[in-house]
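Here is the file coords.cif (mmCIF, C-alpha atoms).
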```
data_target
#
loop_
_atom_site.group_PDB
_atom_site.id
_atom_site.type_symbol
_atom_site.label_atom_id
_atom_site.label_comp_id
_atom_site.auth_asym_id
_atom_site.auth_seq_id
_atom_site.Cartn_x
_atom_site.Cartn_y
_atom_site.Cartn_z
ATOM 1 C CA MET C 1 0.000 0.000 0.000
ATOM 2 C CA PHE C 2 2.726 2.449 1.031
ATOM 3 C CA ASN C 3 4.800 1.681 -2.072
ATOM 4 C CA ARG C 4 1.920 2.784 -4.279
ATOM 5 C CA LEU C 5 2.108 6.229 -2.666
ATOM 6 C CA LEU C 6 5.738 6.649 -3.610
ATOM 7 C CA PRO C 7 6.231 8.506 -6.906
ATOM 8 C CA LYS C 8 8.380 7.314 -9.755
ATOM 9 C CA GLU C 9 10.906 10.116 -9.924
ATOM 10 C CA GLU C 10 11.336 9.975 -13.666
ATOM 11 C CA LYS C 11 7.714 10.984 -14.259
ATOM 12 C CA TYR C 12 8.264 14.589 -13.219
ATOM 13 C CA PHE C 13 11.446 14.923 -15.241
ATOM 14 C CA GLU C 14 9.796 13.385 -18.299
ATOM 15 C CA ASP C 15 6.962 15.872 -17.905
ATOM 16 C CA PHE C 16 9.448 18.764 -17.810
ATOM 17 C CA LYS C 17 11.061 17.518 -21.022
ATOM 18 C CA ASP C 18 7.728 16.936 -22.721
ATOM 19 C CA ILE C 19 6.266 20.331 -21.907
ATOM 20 C CA ILE C 20 9.375 22.284 -22.946
ATOM 21 C CA SER C 21 9.379 20.425 -26.286
ATOM 22 C CA TYR C 22 5.802 21.589 -26.909
ATOM 23 C CA VAL C 23 6.655 25.117 -25.804
ATOM 24 C CA GLN C 24 9.624 25.154 -28.162
ATOM 25 C CA GLU C 25 7.354 24.104 -31.021
ATOM 26 C CA ILE C 26 4.991 26.942 -30.094
ATOM 27 C CA ALA C 27 7.962 29.334 -30.119
ATOM 28 C CA LYS C 28 9.068 28.158 -33.573
ATOM 29 C CA ILE C 29 5.578 28.529 -35.053
ATOM 30 C CA THR C 30 5.188 31.939 -33.427
ATOM 31 C CA HIS C 31 8.509 33.090 -34.873
ATOM 32 C CA ALA C 32 7.578 31.867 -38.347
ATOM 33 C CA PHE C 33 4.262 33.668 -37.985
ATOM 34 C CA PHE C 34 5.809 37.035 -37.119
ATOM 35 C CA ALA C 35 8.551 36.566 -39.731
ATOM 36 C CA SER C 36 6.020 36.068 -42.524
ATOM 37 C CA ASP C 37 5.222 38.921 -44.898
ATOM 38 C CA GLU C 38 1.562 37.961 -44.651
ATOM 39 C CA TYR C 39 0.185 36.826 -41.309
ATOM 40 C CA ASP C 40 -1.426 33.378 -41.279
ATOM 41 C CA LYS C 41 -5.060 33.727 -40.224
ATOM 42 C CA ASP C 42 -5.132 30.041 -39.266
ATOM 43 C CA ILE C 43 -2.376 30.453 -36.656
ATOM 44 C CA PHE C 44 -4.860 29.633 -33.889
ATOM 45 C CA LEU C 45 -5.491 26.190 -35.416
ATOM 46 C CA LYS C 46 -1.756 25.423 -35.352
ATOM 47 C CA LEU C 47 -1.043 26.669 -31.850
ATOM 48 C CA LYS C 48 -4.127 25.685 -29.867
ATOM 49 C CA PRO C 49 -3.480 21.893 -29.860
ATOM 50 C CA LEU C 50 0.058 22.509 -28.586
ATOM 51 C CA GLU C 51 -1.187 24.904 -25.916
ATOM 52 C CA LYS C 52 -3.797 22.328 -24.865
ATOM 53 C CA ARG C 53 -1.146 19.616 -24.564
ATOM 54 C CA CYS C 54 0.958 21.861 -22.325
ATOM 55 C CA GLY C 55 -2.070 22.516 -20.145
ATOM 56 C CA GLU C 56 -2.722 18.787 -19.846
ATOM 57 C CA ILE C 57 0.834 18.119 -18.690
ATOM 58 C CA ASN C 58 0.601 20.994 -16.221
ATOM 59 C CA SER C 59 -2.640 19.606 -14.765
ATOM 60 C CA LYS C 60 -1.227 16.074 -14.612
ATOM 61 C CA VAL C 61 1.810 17.210 -12.630
ATOM 62 C CA ILE C 62 -0.285 19.188 -10.159
ATOM 63 C CA LYS C 63 -2.627 16.215 -9.601
ATOM 64 C CA ARG C 64 0.356 13.929 -9.027
ATOM 65 C CA LEU C 65 1.831 16.373 -6.520
ATOM 66 C CA ASN C 66 -1.412 16.214 -4.554
ATOM 67 C CA LYS C 67 -1.294 12.414 -4.406
ATOM 68 C CA THR C 68 2.332 11.716 -3.487
ATOM 69 C CA PHE C 69 4.181 12.122 -0.215
ATOM 70 C CA ILE C 70 7.742 12.019 -1.512
ATOM 71 C CA THR C 71 8.952 14.010 -4.518
ATOM 72 C CA PRO C 72 12.382 14.047 -6.214
ATOM 73 C CA LEU C 73 12.568 17.850 -5.846
ATOM 74 C CA ASP C 74 10.921 20.222 -3.416
ATOM 75 C CA ARG C 75 7.188 20.213 -4.063
ATOM 76 C CA GLU C 76 7.028 24.004 -4.460
ATOM 77 C CA ASP C 77 9.893 23.918 -6.988
ATOM 78 C CA ILE C 78 8.134 21.330 -9.146
ATOM 79 C CA PHE C 79 4.938 23.371 -9.028
ATOM 80 C CA ALA C 80 6.700 26.658 -9.829
ATOM 81 C CA LEU C 81 8.731 25.156 -12.681
ATOM 82 C CA ILE C 82 5.876 23.416 -14.494
ATOM 83 C CA LYS C 83 3.618 26.476 -14.144
ATOM 84 C CA ARG C 84 6.262 28.853 -15.469
ATOM 85 C CA ILE C 85 7.147 26.679 -18.466
ATOM 86 C CA ASP C 86 3.451 26.403 -19.301
ATOM 87 C CA SER C 87 3.051 30.177 -19.064
ATOM 88 C CA ILE C 88 5.683 30.732 -21.796
ATOM 89 C CA GLY C 89 3.493 28.898 -24.280
ATOM 90 C CA ASP C 90 0.327 30.615 -23.085
ATOM 91 C CA VAL C 91 1.761 34.094 -23.619
ATOM 92 C CA LEU C 92 3.206 33.238 -27.034
ATOM 93 C CA VAL C 93 -0.118 31.842 -28.215
ATOM 94 C CA GLY C 94 -1.869 34.923 -26.889
ATOM 95 C CA ALA C 95 0.482 37.242 -28.780
ATOM 96 C CA ALA C 96 0.034 35.435 -32.098
ATOM 97 C CA VAL C 97 -3.729 35.081 -31.810
ATOM 98 C CA ARG C 98 -4.028 38.760 -30.842
ATOM 99 C CA VAL C 99 -2.865 39.677 -34.358
ATOM 100 C CA ASP C 100 -5.903 37.950 -35.828
ATOM 101 C CA THR C 101 -8.214 39.313 -33.122
ATOM 102 C CA TYR C 102 -7.073 42.852 -33.894
ATOM 103 C CA SER C 103 -7.193 42.241 -37.676
ATOM 104 C CA LEU C 104 -3.626 43.448 -38.130
ATOM 105 C CA THR C 105 -2.175 42.880 -41.580
ATOM 106 C CA GLU C 106 1.156 44.750 -41.576
ATOM 107 C CA LYS C 107 4.274 43.399 -39.900
ATOM 108 C CA ILE C 108 5.079 44.591 -36.398
ATOM 109 C CA ASP C 109 8.630 45.890 -36.229
ATOM 110 C CA GLY C 110 10.612 44.001 -33.597
ATOM 111 C CA ALA C 111 8.156 41.129 -33.177
ATOM 112 C CA GLU C 112 10.097 38.760 -35.422
ATOM 113 C CA LYS C 113 13.371 39.467 -33.610
ATOM 114 C CA ILE C 114 11.926 39.010 -30.114
ATOM 115 C CA ALA C 115 10.215 35.787 -31.217
ATOM 116 C CA SER C 116 13.547 34.560 -32.622
ATOM 117 C CA ILE C 117 15.236 35.234 -29.284
ATOM 118 C CA ILE C 118 12.526 33.254 -27.485
ATOM 119 C CA VAL C 119 13.202 30.287 -29.769
ATOM 120 C CA GLN C 120 16.840 30.432 -28.662
ATOM 121 C CA GLN C 121 15.801 30.682 -25.013
ATOM 122 C CA THR C 122 13.561 27.617 -25.229
ATOM 123 C CA LYS C 123 16.402 25.667 -26.864
ATOM 124 C CA GLU C 124 18.687 26.489 -23.934
ATOM 125 C CA LEU C 125 15.956 25.556 -21.449
ATOM 126 C CA GLU C 126 15.460 22.230 -23.216
ATOM 127 C CA ILE C 127 19.170 21.449 -22.788
ATOM 128 C CA VAL C 128 18.988 22.178 -19.080
ATOM 129 C CA LEU C 129 15.828 20.152 -18.516
ATOM 130 C CA GLN C 130 17.297 17.119 -20.307
ATOM 131 C CA ASP C 131 19.782 16.674 -17.446
ATOM 132 C CA LEU C 132 17.773 18.011 -14.521
ATOM 133 C CA LYS C 133 17.005 14.473 -13.337
ATOM 134 C CA HIS C 134 20.703 13.938 -12.703
ATOM 135 C CA LYS C 135 20.914 17.384 -11.093
ATOM 136 C CA SER C 136 23.721 18.248 -13.476
ATOM 137 C CA SER C 137 24.946 21.824 -13.286
ATOM 138 C CA GLN C 138 23.798 23.652 -16.397
ATOM 139 C CA ILE C 139 24.431 27.151 -15.125
ATOM 140 C CA ASN C 140 25.920 28.297 -18.453
ATOM 141 C CA GLU C 141 22.723 27.457 -20.325
ATOM 142 C CA CYS C 142 20.652 29.204 -17.664
ATOM 143 C CA LYS C 143 22.926 32.236 -17.926
ATOM 144 C CA ALA C 144 22.442 32.215 -21.708
ATOM 145 C CA VAL C 145 18.665 32.402 -21.196
ATOM 146 C CA GLN C 146 19.150 35.407 -18.926
ATOM 147 C CA ASP C 147 21.469 37.134 -21.410
ATOM 148 C CA LEU C 148 18.985 36.537 -24.206
ATOM 149 C CA GLU C 149 16.253 38.156 -22.118
ATOM 150 C CA SER C 150 18.370 41.305 -21.888
ATOM 151 C CA GLU C 151 18.714 41.217 -25.674
ATOM 152 C CA ALA C 152 14.950 40.848 -26.073
ATOM 153 C CA ASP C 153 14.398 43.745 -23.695
ATOM 154 C CA ASN C 154 16.683 45.950 -25.800
ATOM 155 C CA VAL C 155 14.820 45.013 -28.985
ATOM 156 C CA TYR C 156 11.518 45.701 -27.246
ATOM 157 C CA ARG C 157 12.558 49.181 -26.072
ATOM 158 C CA THR C 158 13.974 50.101 -29.494
ATOM 159 C CA SER C 159 10.845 48.822 -31.267
ATOM 160 C CA LEU C 160 8.565 50.641 -28.867
ATOM 161 C CA LYS C 161 10.413 53.898 -29.394
ATOM 162 C CA LYS C 162 10.120 53.488 -33.160
ATOM 163 C CA LEU C 163 6.438 52.609 -32.861
ATOM 164 C CA PHE C 164 5.619 55.750 -30.878
ATOM 165 C CA THR C 165 7.622 57.844 -33.332
ATOM 166 C CA GLU C 166 6.209 56.486 -36.587
ATOM 167 C CA GLU C 167 2.712 55.131 -35.921
ATOM 168 C CA LYS C 168 0.117 57.881 -36.336
ATOM 169 C CA ASP C 169 -3.035 55.895 -35.651
ATOM 170 C CA PRO C 170 -3.501 55.584 -31.851
ATOM 171 C CA ILE C 171 -5.619 52.424 -32.063
ATOM 172 C CA THR C 172 -3.072 50.621 -34.236
ATOM 173 C CA LEU C 173 -0.326 51.854 -31.915
ATOM 174 C CA PHE C 174 -2.143 50.336 -28.932
ATOM 175 C CA LYS C 175 -2.610 47.003 -30.704
ATOM 176 C CA LYS C 176 1.039 46.701 -31.771
ATOM 177 C CA LYS C 177 2.296 47.857 -28.391
ATOM 178 C CA GLU C 178 0.307 45.173 -26.583
ATOM 179 C CA ILE C 179 1.639 42.416 -28.845
ATOM 180 C CA LEU C 180 5.236 43.570 -28.387
ATOM 181 C CA GLU C 181 4.667 43.642 -24.622
ATOM 182 C CA MET C 182 3.327 40.086 -24.674
ATOM 183 C CA LEU C 183 6.354 38.827 -26.587
ATOM 184 C CA GLU C 184 8.724 40.581 -24.210
ATOM 185 C CA ASN C 185 6.746 39.081 -21.339
ATOM 186 C CA ALA C 186 7.224 35.591 -22.809
ATOM 187 C CA SER C 187 10.973 36.221 -22.852
ATOM 188 C CA ASP C 188 10.730 37.316 -19.211
ATOM 189 C CA HIS C 189 8.997 34.026 -18.382
ATOM 190 C CA CYS C 190 11.898 32.162 -19.991
ATOM 191 C CA GLN C 191 14.290 34.037 -17.731
ATOM 192 C CA THR C 192 12.169 33.287 -14.654
ATOM 193 C CA THR C 193 12.167 29.607 -15.636
ATOM 194 C CA ALA C 194 15.966 29.686 -15.788
ATOM 195 C CA ASN C 195 16.065 31.340 -12.355
ATOM 196 C CA ILE C 196 13.884 28.581 -10.895
ATOM 197 C CA ILE C 197 16.158 25.933 -12.390
ATOM 198 C CA ILE C 198 19.261 27.643 -10.965
ATOM 199 C CA SER C 199 17.594 27.630 -7.541
ATOM 200 C CA ILE C 200 16.836 23.905 -7.885
ATOM 201 C CA LEU C 201 20.407 23.107 -8.943
ATOM 202 C CA ILE C 202 21.845 25.032 -6.006
ATOM 203 C CA LYS C 203 19.496 23.355 -3.518
ATOM 204 C CA ASN C 204 20.369 19.909 -4.798
ATOM 205 C CA SER C 205 24.090 20.341 -5.440
#
```
Taking this structure as input, can you express it in the form of structure tokens?
Amino acid sequence: MFNRLLPKEEKYFEDFKDIISYVQEIAKITHAFFASDEYDKDIFLKLKPLEKRCGEINSKVIKRLNKTFITPLDREDIFALIKRIDSIGDVLVGAAVRVDTYSLTEKIDGAEKIASIIVQQTKELEIVLQDLKHKSSQINECKAVQDLESEADNVYRTSLKKLFTEEKDPITLFKKKEILEMLENASDHCQTTANIIISILIKNS
């Protein structure tokens, strides 16, 4: 009876790897979307199944946490990590779908570059999460995610300045500004994910 209450450690680590792979796919599709000369109106159909899969993994992990007494990492760290990874995908999907909601047709300066940086961040996070089970120190990859966030922040500020200088229609300005903010926020979530992983590595070193 007691043995059934003990978790199989690899389940959590497999979930981390699975969810970041879906998030990375979301990031790649989002980048391709913002890089395109003509925005794909069916973007929602491509992203929603991936977002749903991430949500399912998130829910599965939380349910498992509520049923097990012993976890391979601190319970709050598992919860924080899975929620933050999931949030990256949520924000990216929201940014892409917002383009269709707002009926925007012209490219948003800076969006493609920020989305490209997020693809790089998710790649670095995937590397780290591959070895998290063995509690290997992947501080360099985590640092790369943080450095990339600074790069995304610079692109965001430059793009915002250009937007306020060149865009004459206030409604269009608001729409583009919100989408740029969401992309920058997704990059922030990548950085926060890296910070959580660093904390886990330090605790378990």
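Distance annotation: of C:Val61, C:Ala152, C:Val97, C:Cys54, the residue with the minimal separation from Ile20 in chain C is C:Cys54; atom set is only C-alpha atoms.
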Could you work out how far CA of Asp109 in chain C lies from CA of Gln191 in chain C, giving the answer in Å with one decimal?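 Computed distance, CA of Gln191 in chain C to CA of Asp109 in chain C, equals 22.7 Å.
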Could you list the residues chosen by the PyMOL selection byres ((chain C and resi 12) around 10) in this structure as a VMD selection string? chain C and resid 7 to 11 13 to 18 57 60 to 61 64 to 65 71 to 73 78 82 133
Any chance you could resolve the PyMOL selection byres ((chain C and resi 107) around 9) against this file and give the residues as an NGL selection string? :C and (34-39 or 104-106 or 108-112)
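Here the PyMOL selection byres ((chain C and resi 24-29) around 8) catches exactly these residues: Ile20, Ser21, Tyr22, Val23, Thr30, His31, Ala32, Phe33, Lys46, Leu47, Leu50, Glu51, Gly89, Leu92, Val93, Ala115, Ser116, Ile118, Val119, Thr122 and Lys123 of chain C.
Of note, CA of Val99 in chain C and CA of Ile43 in chain C are spaced 9.5 Å apart.
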Go through C:Glu167, C:Asp153, C:Asp188, C:Glu178 one by one, measure the shortest atom-to-atom distance of each to Gln121 in chain C using only C-alpha atoms, and give the residue with the smallest value. C:Asp188
Can you work out the spacing between CA of Val145 in chain C and CA of Lys203 in chain C in Å, to one decimal? 19.9 Å
Judged by all atoms listed in the file, the minimum distance to Ile197 in chain C among C:Phe174, C:Phe79, C:Tyr156, C:Tyr102 is found for C:Phe79
What's around Phe164 in chain C at 10 Å? Count all atoms listed in the file, leave out sequence neighbours fewer than 6 positions away in its own chain, and write the answer as an mmCIF file with C-alpha atoms, in the coordinates of the input.
```
data_model
loop_
_atom_site.group_PDB
_atom_site.id
_atom_site.type_symbol
_atom_site.label_atom_id
_atom_site.label_comp_id
_atom_site.auth_asym_id
_atom_site.auth_seq_id
_atom_site.Cartn_x
_atom_site.Cartn_y
_atom_site.Cartn_z
ATOM 1 C CA PRO C 170 -3.501 55.584 -31.851
ATOM 2 C CA LEU C 173 -0.326 51.854 -31.915
ATOM 3 C CA PHE C 174 -2.143 50.336 -28.932
ATOM 4 C CA LYS C 177 2.296 47.857 -28.391
#
```
Measuring between only C-alpha atoms, which one of C:Gln130, C:Ile171, C:Thr158, C:His189 shows the shortest distance to Gln146 in chain C? C:His189
Generate the coordinates of N, CA and C atoms for range 131-166 of chain C; report them as a short mmCIF file (atom, residue, chain, number, x, y, z; two decimals), in the coordinates of the input.
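Saved as selection_31.cif:
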```
data_model
loop_
_atom_site.label_atom_id
_atom_site.label_comp_id
_atom_site.auth_asym_id
_atom_site.auth_seq_id
_atom_site.Cartn_x
_atom_site.Cartn_y
_atom_site.Cartn_z
N ASP C 131 18.89 17.23 -18.47
CA ASP C 131 19.78 16.67 -17.45
C ASP C 131 19.35 17.01 -16.02
N LEU C 132 18.19 17.61 -15.86
CA LEU C 132 17.77 18.01 -14.52
C LEU C 132 17.59 16.82 -13.59
N LYS C 133 17.19 15.68 -14.15
CA LYS C 133 17.00 14.47 -13.34
C LYS C 133 18.29 14.09 -12.62
N HIS C 134 19.41 14.29 -13.29
CA HIS C 134 20.70 13.94 -12.70
C HIS C 134 21.30 15.10 -11.91
N LYS C 135 20.51 16.18 -11.82
CA LYS C 135 20.91 17.38 -11.09
C LYS C 135 22.27 17.90 -11.57
N SER C 136 22.49 17.75 -12.88
CA SER C 136 23.72 18.25 -13.48
C SER C 136 23.70 19.77 -13.48
N SER C 137 24.85 20.36 -13.30
CA SER C 137 24.95 21.82 -13.29
C SER C 137 24.97 22.36 -14.70
N GLN C 138 23.90 23.06 -15.06
CA GLN C 138 23.80 23.65 -16.40
C GLN C 138 23.67 25.17 -16.25
N ILE C 139 24.51 25.72 -15.42
CA ILE C 139 24.43 27.15 -15.12
C ILE C 139 24.69 27.98 -16.37
N ASN C 140 25.61 27.53 -17.24
CA ASN C 140 25.92 28.30 -18.45
C ASN C 140 24.70 28.46 -19.35
N GLU C 141 23.93 27.38 -19.51
CA GLU C 141 22.72 27.46 -20.32
C GLU C 141 21.70 28.39 -19.69
N CYS C 142 21.57 28.31 -18.37
CA CYS C 142 20.65 29.20 -17.66
C CYS C 142 21.09 30.66 -17.82
N LYS C 143 22.40 30.88 -17.75
CA LYS C 143 22.93 32.24 -17.93
C LYS C 143 22.64 32.73 -19.35
N ALA C 144 22.73 31.84 -20.32
CA ALA C 144 22.44 32.22 -21.71
C ALA C 144 21.00 32.68 -21.85
N VAL C 145 20.07 32.00 -21.17
CA VAL C 145 18.66 32.40 -21.20
C VAL C 145 18.50 33.81 -20.62
N GLN C 146 19.22 34.08 -19.55
CA GLN C 146 19.15 35.41 -18.93
C GLN C 146 19.73 36.48 -19.85
N ASP C 147 20.85 36.18 -20.48
CA ASP C 147 21.47 37.13 -21.41
C ASP C 147 20.56 37.41 -22.60
N LEU C 148 19.90 36.38 -23.09
CA LEU C 148 18.98 36.54 -24.21
C LEU C 148 17.79 37.40 -23.82
N GLU C 149 17.36 37.31 -22.57
CA GLU C 149 16.25 38.16 -22.12
C GLU C 149 16.65 39.62 -22.16
N SER C 150 17.88 39.93 -21.81
CA SER C 150 18.37 41.30 -21.89
C SER C 150 18.37 41.78 -23.34
N GLU C 151 18.74 40.88 -24.25
CA GLU C 151 18.71 41.22 -25.67
C GLU C 151 17.29 41.49 -26.14
N ALA C 152 16.36 40.65 -25.71
CA ALA C 152 14.95 40.85 -26.07
C ALA C 152 14.41 42.15 -25.51
N ASP C 153 14.83 42.49 -24.31
CA ASP C 153 14.40 43.74 -23.70
C ASP C 153 14.90 44.95 -24.49
N ASN C 154 16.13 44.86 -24.98
CA ASN C 154 16.68 45.95 -25.80
C ASN C 154 15.91 46.10 -27.11
N VAL C 155 15.59 44.97 -27.74
CA VAL C 155 14.82 45.01 -28.98
C VAL C 155 13.44 45.60 -28.71
N TYR C 156 12.85 45.21 -27.61
CA TYR C 156 11.52 45.70 -27.25
C TYR C 156 11.53 47.21 -27.06
N ARG C 157 12.49 47.73 -26.32
CA ARG C 157 12.56 49.18 -26.07
C ARG C 157 12.79 49.95 -27.37
N THR C 158 13.69 49.45 -28.22
CA THR C 158 13.97 50.10 -29.49
C THR C 158 12.73 50.10 -30.39
N SER C 159 12.04 48.95 -30.43
CA SER C 159 10.84 48.82 -31.27
C SER C 159 9.72 49.72 -30.76
N LEU C 160 9.61 49.81 -29.45
CA LEU C 160 8.56 50.64 -28.87
C LEU C 160 8.81 52.12 -29.18
N LYS C 161 10.06 52.51 -29.08
CA LYS C 161 10.41 53.90 -29.39
C LYS C 161 10.08 54.22 -30.85
N LYS C 162 10.42 53.30 -31.75
CA LYS C 162 10.12 53.49 -33.16
C LYS C 162 8.62 53.53 -33.41
N LEU C 163 7.89 52.67 -32.71
CA LEU C 163 6.44 52.61 -32.86
C LEU C 163 5.79 53.93 -32.47
N PHE C 164 6.20 54.49 -31.35
CA PHE C 164 5.62 55.75 -30.88
C PHE C 164 6.03 56.93 -31.76
N THR C 165 7.16 56.77 -32.44
CA THR C 165 7.62 57.84 -33.33
C THR C 165 6.91 57.81 -34.68
N GLU C 166 6.67 56.61 -35.20
CA GLU C 166 6.21 56.49 -36.59
C GLU C 166 4.71 56.19 -36.74
#
```
